[in-house]
$ cat entry28.txt   # compact mmCIF, C-alpha atoms and all ligand atoms
# COMPACT_ATOMS: atom_id res chain seq x y z
CA MET A 105 -47.68 57.87 7.72
CA LEU A 106 -50.55 55.37 7.70
CA LYS A 107 -53.31 55.43 5.11
CA ILE A 108 -56.22 53.01 5.20
CA GLU A 109 -58.55 52.95 2.20
CA ASN A 110 -61.81 51.11 1.65
CA LEU A 111 -60.93 48.44 4.15
CA ASN A 112 -63.34 45.55 4.70
CA VAL A 113 -62.64 42.98 7.40
CA GLY A 114 -64.49 39.98 8.82
CA TYR A 115 -64.19 36.72 10.64
CA GLY A 116 -64.96 33.96 8.16
CA GLU A 117 -68.15 34.98 6.41
CA VAL A 118 -69.16 37.52 9.03
CA GLN A 119 -68.12 41.02 8.06
CA VAL A 120 -67.24 43.30 10.98
CA LEU A 121 -65.68 46.40 9.35
CA TRP A 122 -67.13 48.14 6.31
CA ASP A 123 -65.31 50.50 3.99
CA ILE A 124 -62.94 51.99 6.55
CA ASN A 125 -60.95 55.08 5.54
CA LEU A 126 -58.50 56.48 8.05
CA GLU A 127 -55.28 58.47 7.95
CA ILE A 128 -52.58 59.06 10.53
CA ASN A 129 -49.98 61.75 10.02
CA LYS A 130 -46.55 61.65 11.62
CA SER A 131 -46.46 62.81 15.25
CA GLU A 132 -50.23 62.88 15.57
CA VAL A 133 -52.18 61.29 18.39
CA ILE A 134 -55.27 59.70 16.90
CA ALA A 135 -58.12 58.32 18.98
CA LEU A 136 -60.40 55.58 17.75
CA VAL A 137 -63.53 55.45 19.87
CA GLY A 138 -66.73 53.45 19.83
CA SER A 139 -68.93 51.14 21.84
CA ASN A 140 -68.26 47.52 22.77
CA GLY A 141 -68.21 45.32 19.70
CA ALA A 142 -67.87 48.24 17.26
CA GLY A 143 -64.77 46.64 15.73
CA LYS A 144 -61.97 48.73 17.25
CA SER A 145 -59.74 45.80 18.20
CA THR A 146 -60.50 44.17 14.87
CA LEU A 147 -59.15 47.24 13.09
CA LEU A 148 -55.97 47.22 15.20
CA TYR A 149 -55.45 43.50 14.55
CA THR A 150 -55.81 44.14 10.84
CA ILE A 151 -53.29 47.00 10.87
CA SER A 152 -50.79 44.86 12.75
CA GLY A 153 -51.24 41.91 10.42
CA LEU A 154 -52.88 39.50 12.86
CA LEU A 155 -56.00 39.51 10.67
CA GLN A 156 -56.12 39.60 6.89
CA PRO A 157 -58.62 42.02 5.34
CA MET A 158 -61.27 40.90 2.84
CA SER A 159 -60.38 43.88 0.65
CA GLY A 160 -58.91 47.35 0.77
CA SER A 161 -55.53 48.87 1.34
CA ILE A 162 -53.28 49.75 4.28
CA LYS A 163 -50.19 51.77 3.43
CA LEU A 164 -47.32 52.64 5.76
CA ASP A 165 -45.23 55.48 4.35
CA GLY A 166 -46.64 54.71 0.91
CA ARG A 167 -45.91 50.99 1.06
CA GLU A 168 -48.73 48.45 0.94
CA ILE A 169 -48.62 46.37 4.13
CA SER A 170 -51.97 44.59 4.14
CA GLY A 171 -51.40 40.87 3.74
CA LEU A 172 -47.88 40.97 5.20
CA PRO A 173 -47.19 38.70 8.17
CA ALA A 174 -47.39 40.30 11.62
CA ASP A 175 -43.67 40.06 12.44
CA GLU A 176 -42.81 41.82 9.20
CA ILE A 177 -45.25 44.64 10.01
CA LEU A 178 -43.66 44.98 13.45
CA HIS A 179 -40.26 45.07 11.78
CA LEU A 180 -41.50 47.86 9.47
CA GLY A 181 -42.39 49.91 12.53
CA ILE A 182 -45.92 49.25 13.76
CA GLY A 183 -46.06 48.12 17.38
CA GLN A 184 -49.04 47.19 19.48
CA VAL A 185 -50.13 47.21 23.12
CA PRO A 186 -52.99 44.70 22.95
CA GLN A 187 -56.29 44.83 24.80
CA GLY A 188 -56.00 42.84 28.04
CA ARG A 189 -52.23 43.46 28.16
CA ARG A 190 -51.26 39.86 27.31
CA LEU A 191 -48.20 39.77 29.53
CA PHE A 192 -46.34 36.53 30.17
CA ALA A 193 -47.56 36.04 33.73
CA GLY A 194 -44.81 33.68 34.83
CA MET A 195 -41.97 35.80 33.46
CA THR A 196 -40.41 38.76 35.21
CA VAL A 197 -41.19 42.39 34.48
CA LYS A 198 -37.76 42.80 32.89
CA GLU A 199 -38.22 39.75 30.66
CA ASN A 200 -41.65 40.99 29.58
CA ILE A 201 -40.37 44.47 28.78
CA MET A 202 -37.36 43.13 26.88
CA MET A 203 -39.64 40.82 24.87
CA GLY A 204 -40.74 43.96 23.01
CA ALA A 205 -37.23 44.30 21.58
CA TYR A 206 -36.89 40.72 20.38
CA LEU A 207 -36.61 41.70 16.70
CA ARG A 208 -34.02 44.42 17.29
CA LYS A 209 -30.35 44.02 16.59
CA ASP A 210 -29.23 47.54 17.65
CA THR A 211 -28.15 46.39 21.12
CA GLU A 212 -26.82 49.75 22.28
CA ARG A 213 -30.05 51.58 21.37
CA VAL A 214 -32.05 48.83 23.06
CA LYS A 215 -30.16 49.53 26.29
CA GLU A 216 -30.83 53.25 25.96
CA ASP A 217 -34.49 52.65 25.25
CA PHE A 218 -34.73 50.37 28.26
CA GLU A 219 -33.35 53.18 30.45
CA PHE A 220 -35.80 55.62 28.83
CA VAL A 221 -38.74 53.31 29.47
CA LEU A 222 -37.73 52.94 33.12
CA SER A 223 -37.52 56.73 33.43
CA LEU A 224 -41.11 56.89 32.14
CA PHE A 225 -42.29 54.21 34.54
CA PRO A 226 -40.07 54.30 37.65
CA GLN A 227 -42.42 51.78 39.31
CA MET A 228 -41.25 49.20 36.77
CA GLY A 229 -37.62 49.77 37.72
CA GLU A 230 -38.44 48.83 41.30
CA ARG A 231 -40.08 45.59 40.18
CA LEU A 232 -37.85 44.24 37.43
CA ASN A 233 -37.48 40.82 39.03
CA GLN A 234 -41.10 40.44 40.09
CA VAL A 235 -43.22 38.07 37.99
CA ALA A 236 -45.66 40.02 35.82
CA GLY A 237 -48.64 37.96 37.00
CA SER A 238 -48.27 39.45 40.49
CA LEU A 239 -48.40 43.09 39.34
CA SER A 240 -51.45 45.24 40.04
CA GLY A 241 -53.69 46.08 37.07
CA GLY A 242 -52.15 49.53 36.66
CA GLU A 243 -48.63 48.16 36.86
CA GLN A 244 -49.50 45.50 34.29
CA GLN A 245 -50.68 48.18 31.89
CA MET A 246 -47.45 50.13 32.44
CA CYS A 247 -45.49 46.96 31.78
CA ALA A 248 -47.47 46.34 28.58
CA VAL A 249 -46.91 49.91 27.35
CA ALA A 250 -43.21 49.61 28.25
CA ARG A 251 -42.98 46.39 26.24
CA GLY A 252 -44.69 48.08 23.29
CA LEU A 253 -42.21 50.95 23.44
CA MET A 254 -39.22 48.61 23.44
CA ALA A 255 -39.94 47.73 19.83
CA ASN A 256 -39.22 51.41 19.12
CA PRO A 257 -42.06 51.56 16.61
CA LYS A 258 -42.82 54.54 14.38
CA LEU A 259 -46.46 53.94 15.08
CA LEU A 260 -47.73 52.51 18.35
CA LEU A 261 -51.26 51.09 18.55
CA ILE A 262 -52.68 51.03 22.09
CA ASP A 263 -55.91 49.13 22.71
CA GLU A 264 -58.05 50.18 25.71
CA LEU A 265 -55.41 52.01 27.66
CA SER A 266 -57.67 53.14 30.48
CA LEU A 267 -59.95 50.13 30.89
CA GLY A 268 -60.40 49.18 34.54
CA LEU A 269 -57.73 51.55 35.84
CA ALA A 270 -57.94 54.33 38.41
CA PRO A 271 -57.87 57.87 36.94
CA ILE A 272 -54.53 58.67 38.57
CA ILE A 273 -52.88 55.65 36.90
CA VAL A 274 -54.45 56.53 33.57
CA GLU A 275 -53.13 60.09 33.88
CA ASN A 276 -49.71 58.66 34.69
CA ILE A 277 -49.67 56.46 31.61
CA TYR A 278 -50.98 59.22 29.34
CA GLU A 279 -48.23 61.48 30.68
CA ALA A 280 -45.70 58.84 29.63
CA VAL A 281 -47.36 58.54 26.23
CA SER A 282 -47.08 62.29 25.68
CA GLN A 283 -43.33 62.12 26.37
CA VAL A 284 -43.05 59.35 23.83
CA ILE A 285 -44.76 61.49 21.24
CA GLN A 286 -42.22 64.23 21.80
CA ARG A 287 -39.64 61.59 20.90
CA ASP A 288 -41.13 61.33 17.44
CA MET A 289 -43.46 58.41 17.88
CA THR A 290 -46.98 58.44 16.50
CA VAL A 291 -49.81 56.89 18.48
CA LEU A 292 -53.22 55.43 17.70
CA ILE A 293 -55.25 55.05 20.89
CA VAL A 294 -58.38 52.97 21.18
CA GLU A 295 -60.51 54.14 24.07
CA GLN A 296 -63.96 53.44 25.44
CA ASP A 297 -63.70 56.56 27.56
CA VAL A 298 -64.58 58.97 24.77
CA LEU A 299 -64.05 62.18 26.72
CA LEU A 300 -60.63 61.05 27.89
CA ALA A 301 -59.67 60.07 24.36
CA LEU A 302 -60.80 63.38 22.88
CA GLU A 303 -58.84 65.27 25.53
CA GLN A 304 -55.65 63.40 24.64
CA ALA A 305 -55.91 63.23 20.88
CA ASP A 306 -55.33 65.63 17.99
CA ARG A 307 -57.96 63.95 15.83
CA ALA A 308 -60.48 61.20 16.39
CA TYR A 309 -62.56 58.67 14.50
CA VAL A 310 -65.82 57.24 15.77
CA LEU A 311 -66.50 53.63 14.87
CA ASP A 312 -70.16 52.63 15.06
CA VAL A 313 -70.98 48.97 14.39
CA GLY A 314 -68.23 48.59 11.84
CA HIS A 315 -68.59 51.96 10.11
CA ILE A 316 -66.67 55.18 10.68
CA THR A 317 -69.50 57.63 11.20
CA ILE A 318 -67.72 60.73 12.48
CA SER A 319 -64.16 61.99 12.29
CA GLY A 320 -62.34 65.24 12.80
CA ASP A 321 -60.47 67.52 15.16
CA ALA A 322 -60.71 66.03 18.67
CA LYS A 323 -61.52 69.29 20.43
CA GLU A 324 -64.24 70.12 17.89
CA LEU A 325 -65.76 66.67 18.30
CA MET A 326 -66.32 67.42 21.99
CA ASP A 327 -68.95 69.92 20.83
CA ASN A 328 -70.46 67.61 18.22
CA PRO A 329 -74.14 67.09 19.21
CA THR A 330 -74.20 63.41 18.15
CA ILE A 331 -71.09 62.64 20.17
CA LYS A 332 -72.39 64.59 23.14
CA GLU A 333 -75.62 62.68 23.13
CA ALA A 334 -74.37 59.20 22.26
CA TYR A 335 -71.02 59.10 24.05
CA LEU A 336 -70.68 61.92 26.54
CA GLY A 337 -74.12 61.60 28.09
CA VAL A 338 -74.96 65.29 27.81
N1 LIG B 1 -62.28 35.81 16.60
C1 LIG B 1 -63.50 36.25 16.28
N2 LIG B 1 -64.38 35.48 15.59
C2 LIG B 1 -65.61 35.92 15.25
N3 LIG B 1 -66.09 37.15 15.57
C3 LIG B 1 -65.27 37.95 16.26
C4 LIG B 1 -63.96 37.55 16.66
N4 LIG B 1 -63.39 38.58 17.34
C5 LIG B 1 -64.31 39.56 17.37
N5 LIG B 1 -65.44 39.19 16.71
C6 LIG B 1 -66.66 40.01 16.55
O1 LIG B 1 -66.30 41.20 15.87
C7 LIG B 1 -67.04 42.31 16.38
C8 LIG B 1 -66.08 43.42 16.76
O2 LIG B 1 -65.26 42.99 17.83
P1 LIG B 1 -64.05 43.85 18.38
O3 LIG B 1 -63.39 43.06 19.44
O4 LIG B 1 -63.24 44.32 17.25
O5 LIG B 1 -64.83 45.09 19.01
P2 LIG B 1 -64.29 46.26 19.95
O6 LIG B 1 -64.78 47.52 19.38
O7 LIG B 1 -62.83 46.10 20.16
O8 LIG B 1 -65.06 45.96 21.31
P3 LIG B 1 -64.60 46.20 22.84
O9 LIG B 1 -64.78 47.65 23.11
O10 LIG B 1 -65.58 45.38 23.62
O11 LIG B 1 -63.19 45.73 22.97
C9 LIG B 1 -67.86 41.78 17.54
O12 LIG B 1 -69.18 41.58 17.09
C10 LIG B 1 -67.20 40.45 17.88
O13 LIG B 1 -68.14 39.52 18.36
MG MG B 2 -61.64 45.82 21.78

$ encode --input "entry28.txt" --output "structure tokens" --more "lines below"
Ligand SMILES: Nc1ncnc2c1ncn2[C@@H]1O[C@H](COP(=O)(O)OP(=O)(O)OP(=O)(O)O)[C@@H](O)[C@H]1O
Ligand SMILES: [Mg+2]
Amino acid sequence: MLKIENLNVGYGEVQVLWDINLEINKSEVIALVGSNGAGKSTLLYTISGLLQPMSGSIKLDGREISGLPADEILHLGIGQVPQGRRLFAGMTVKENIMMGAYLRKDTERVKEDFEFVLSLFPQMGERLNQVAGSLSGGEQQMCAVARGLMANPKLLLIDELSLGLAPIIVENIYEAVSQVIQRDMTVLIVEQDVLLALEQADRAYVLDVGHITISGDAKELMDNPTIKEAYLGV
């Protein structure tokens, strides 16, 4: 579904990603893990068109998308749940969630998807008229994932799903994500919690200071000595 080849990205003159190659097949859950500052968010911003690469190629279903504006990439089916959630604090939960569907014209499907999203996150249904800024951290993350889902993307990019959240909330959100995958969505998850990411994913890529150093089957990577030592603390 998504194929990234020889991608180089930077901010101004400062290069942050070097020669990235990464592939996502339909209905796969892919984890992208790595330490702070490795370039994970930078890669997601580049996929979603918020950053232009220096060179290289990003293809969605065979079509070159690098260089396209972000709203066009969203329209083609790549949605994002950004790091830090980026909700509109003064707007209600419902308004925030519906913001995800702003490009869609299939009103009936939007209504159905809204009901589906509320079935995934019943807590949101109870708080539709509450302003997003007054939600707890876990609720904000649910609201952000719900908004991402409302775009009905083929591929959903989620940046730092678990950061700062209690394990029970994280489990809750991952449970929702797994239901989404059964609905034919494909997910790329960025996680700092490497063990959690490997447990959830089919395959994983390790980003180390701008380079992909390790990739492969997620369960096999749990036994990889380098990963064990550098990221799992064993
Ligand atoms: N707007 C920017 N201008 C210049 N440099 C930037 C900018 N945004 C990020 N960087 C740099 O790019 C590098 C990668 O940052 P990025 O946010 O992609 O890392 P990350 O892997 O997402 O880290 P974290 O786990 O902390 O979120 C860092 O060295 C960062 O300082
Ligand atoms: Mg980041």

$ residues_around --input "entry28.txt" --residues "Ala174 in chain A" --least-positions-apart "2" --cutoff "6 Å" --atoms "only C-alpha atoms" --output "list in words"
Ser152, Gly153, Leu154, Glu176 and Ile177 of chain A

$ closest_residue --input "entry28.txt" --among "A:Leu172, A:Ala255, A:Leu311, A:Leu261" --to "Tyr206 in chain A" --atoms "all atoms listed in the file"
A:Ala255

$ closest_atom_pairs --input "entry28.txt" --of "range 122-228 of chain A" --to "range 264-282 of chain A" --cutoff "12 Å" --atoms "only C-alpha atoms" --output "Markdown table"
| residue | atom | partner | partner_atom | distance |
| --- | --- | --- | --- | --- |
| A:Ser131 | CA | A:Ser282 | CA | 10.5 |
| A:Glu132 | CA | A:Ser282 | CA | 10.6 |
| A:Val133 | CA | A:Ser282 | CA | 9.0 |
| A:Ala135 | CA | A:Glu264 | CA | 10.6 |
| A:Leu136 | CA | A:Glu264 | CA | 9.9 |
| A:Val137 | CA | A:Glu264 | CA | 9.6 |
| A:Gly138 | CA | A:Glu264 | CA | 11.0 |
| A:Ser139 | CA | A:Glu264 | CA | 11.6 |
| A:Asn140 | CA | A:Glu264 | CA | 11.0 |
| A:Lys144 | CA | A:Glu264 | CA | 9.4 |
| A:Ser145 | CA | A:Glu264 | CA | 8.9 |
| A:Leu148 | CA | A:Glu264 | CA | 11.1 |
| A:Gln184 | CA | A:Glu264 | CA | 11.4 |
| A:Val185 | CA | A:Leu265 | CA | 8.5 |
| A:Pro186 | CA | A:Glu264 | CA | 8.0 |
| A:Gln187 | CA | A:Glu264 | CA | 5.7 |
| A:Gly188 | CA | A:Glu264 | CA | 8.0 |
| A:Arg189 | CA | A:Leu265 | CA | 9.1 |
| A:Phe220 | CA | A:Ala280 | CA | 10.4 |
| A:Val221 | CA | A:Ala280 | CA | 8.9 |
| A:Leu222 | CA | A:Ala280 | CA | 10.5 |
| A:Ser223 | CA | A:Ala280 | CA | 9.3 |
| A:Leu224 | CA | A:Ala280 | CA | 5.6 |
| A:Phe225 | CA | A:Ala280 | CA | 7.6 |
| A:Pro226 | CA | A:Ala280 | CA | 10.8 |
| A:Gln227 | CA | A:Asn276 | CA | 11.0 |

$ atom_distance --input "entry28.txt" --atom1 "atom O7 of ligand LIG 1 (chain B)" --atom2 "CA of Val235 in chain A"
27.7 Å

$ closest_residue --input "entry28.txt" --among "A:Ser238, A:Thr317, A:Asn112, A:Gln296" --to "ligand LIG 1 (chain B)" --atoms "all atoms listed in the file"
A:Gln296

$ atom_distance --input "entry28.txt" --atom1 "CA of Leu121 in chain A" --atom2 "CA of Glu295 in chain A"
17.4 Å

$ residues_around --input "entry28.txt" --residues "Gln244 in chain A" --least-positions-apart "4" --cutoff "8 Å" --atoms "all atoms listed in the file" --output "JSON, numbers by chain"
{"A": [189, 191, 236, 239, 240, 248]}

$ atom_distance --input "entry28.txt" --atom1 "CA of Ala250 in chain A" --atom2 "CA of Asn129 in chain A"
22.9 Å

$ residues_near_point --input "entry28.txt" --point "(-67.9, 47.7, 13.2)" --cutoff "7 Å" --atoms "all atoms listed in the file" --output "ChimeraX atom specification"
/A:120-122,141-143,311-315

$ residues_around --input "entry28.txt" --residues "range 194-198 of chain A" --least-positions-apart "4" --cutoff "7 Å" --atoms "only C-alpha atoms" --output "ChimeraX atom specification"
/A:202,231-237,247

$ residues_around --input "entry28.txt" --residues "Ile331 in chain A" --least-positions-apart "6" --cutoff "9 Å" --atoms "all atoms listed in the file" --output "MDAnalysis selection string"
chainID A and resid 298 310 318 325 337:338

$ write_last_selection --input "entry28.txt" --atoms "C-alpha atoms" --output "PDB file, in the frame of the given file"
ATOM      1  CA  VAL A 298     -64.580  58.970  24.770  1.00  0.00           C
ATOM      2  CA  VAL A 310     -65.820  57.240  15.770  1.00  0.00           C
ATOM      3  CA  ILE A 318     -67.720  60.730  12.480  1.00  0.00           C
ATOM      4  CA  LEU A 325     -65.760  66.670  18.300  1.00  0.00           C
ATOM      5  CA  GLY A 337     -74.120  61.600  28.090  1.00  0.00           C
ATOM      6  CA  VAL A 338     -74.960  65.290  27.810  1.00  0.00           C
TER       7      VAL A 338
END

$ residues_around --input "entry28.txt" --residues "Leu336 in chain A" --least-positions-apart "3" --cutoff "9 Å" --atoms "only C-alpha atoms" --output "list of chain:residue names"
A:Asp297, A:Val298, A:Leu299, A:Met326, A:Ile331, A:Lys332, A:Glu333

$ closest_residue --input "entry28.txt" --among "A:Leu178, A:Leu207, A:Val249, A:Ala305" --to "Gly320 in chain A" --atoms "only C-alpha atoms"
A:Ala305

$ closest_residue --input "entry28.txt" --among "A:Ile262, A:Leu180, A:Leu253, A:Leu126" --to "ligand LIG 1 (chain B)" --atoms "all atoms listed in the file"
A:Ile262

$ closest_residue --input "entry28.txt" --among "A:Lys323, A:Val284, A:Asp263, A:Val214" --to "ligand LIG 1 (chain B)" --atoms "all atoms listed in the file"
A:Asp263

$ closest_residue --input "entry28.txt" --among "A:Ala193, A:Leu147, A:Ile182, A:Ile162" --to "ligand MG 2 (chain B)" --atoms "all atoms listed in the file"
A:Leu147

$ axis_aligned_box --input "entry28.txt" --around "ligand LIG 1 (chain B)" --padding-each-side "6 Å" --output "AutoDock Vina command-line options"
--center_x -65.7 --center_y 41.6 --center_z 19.4 --size_x 18.9 --size_y 24.2 --size_z 20.4
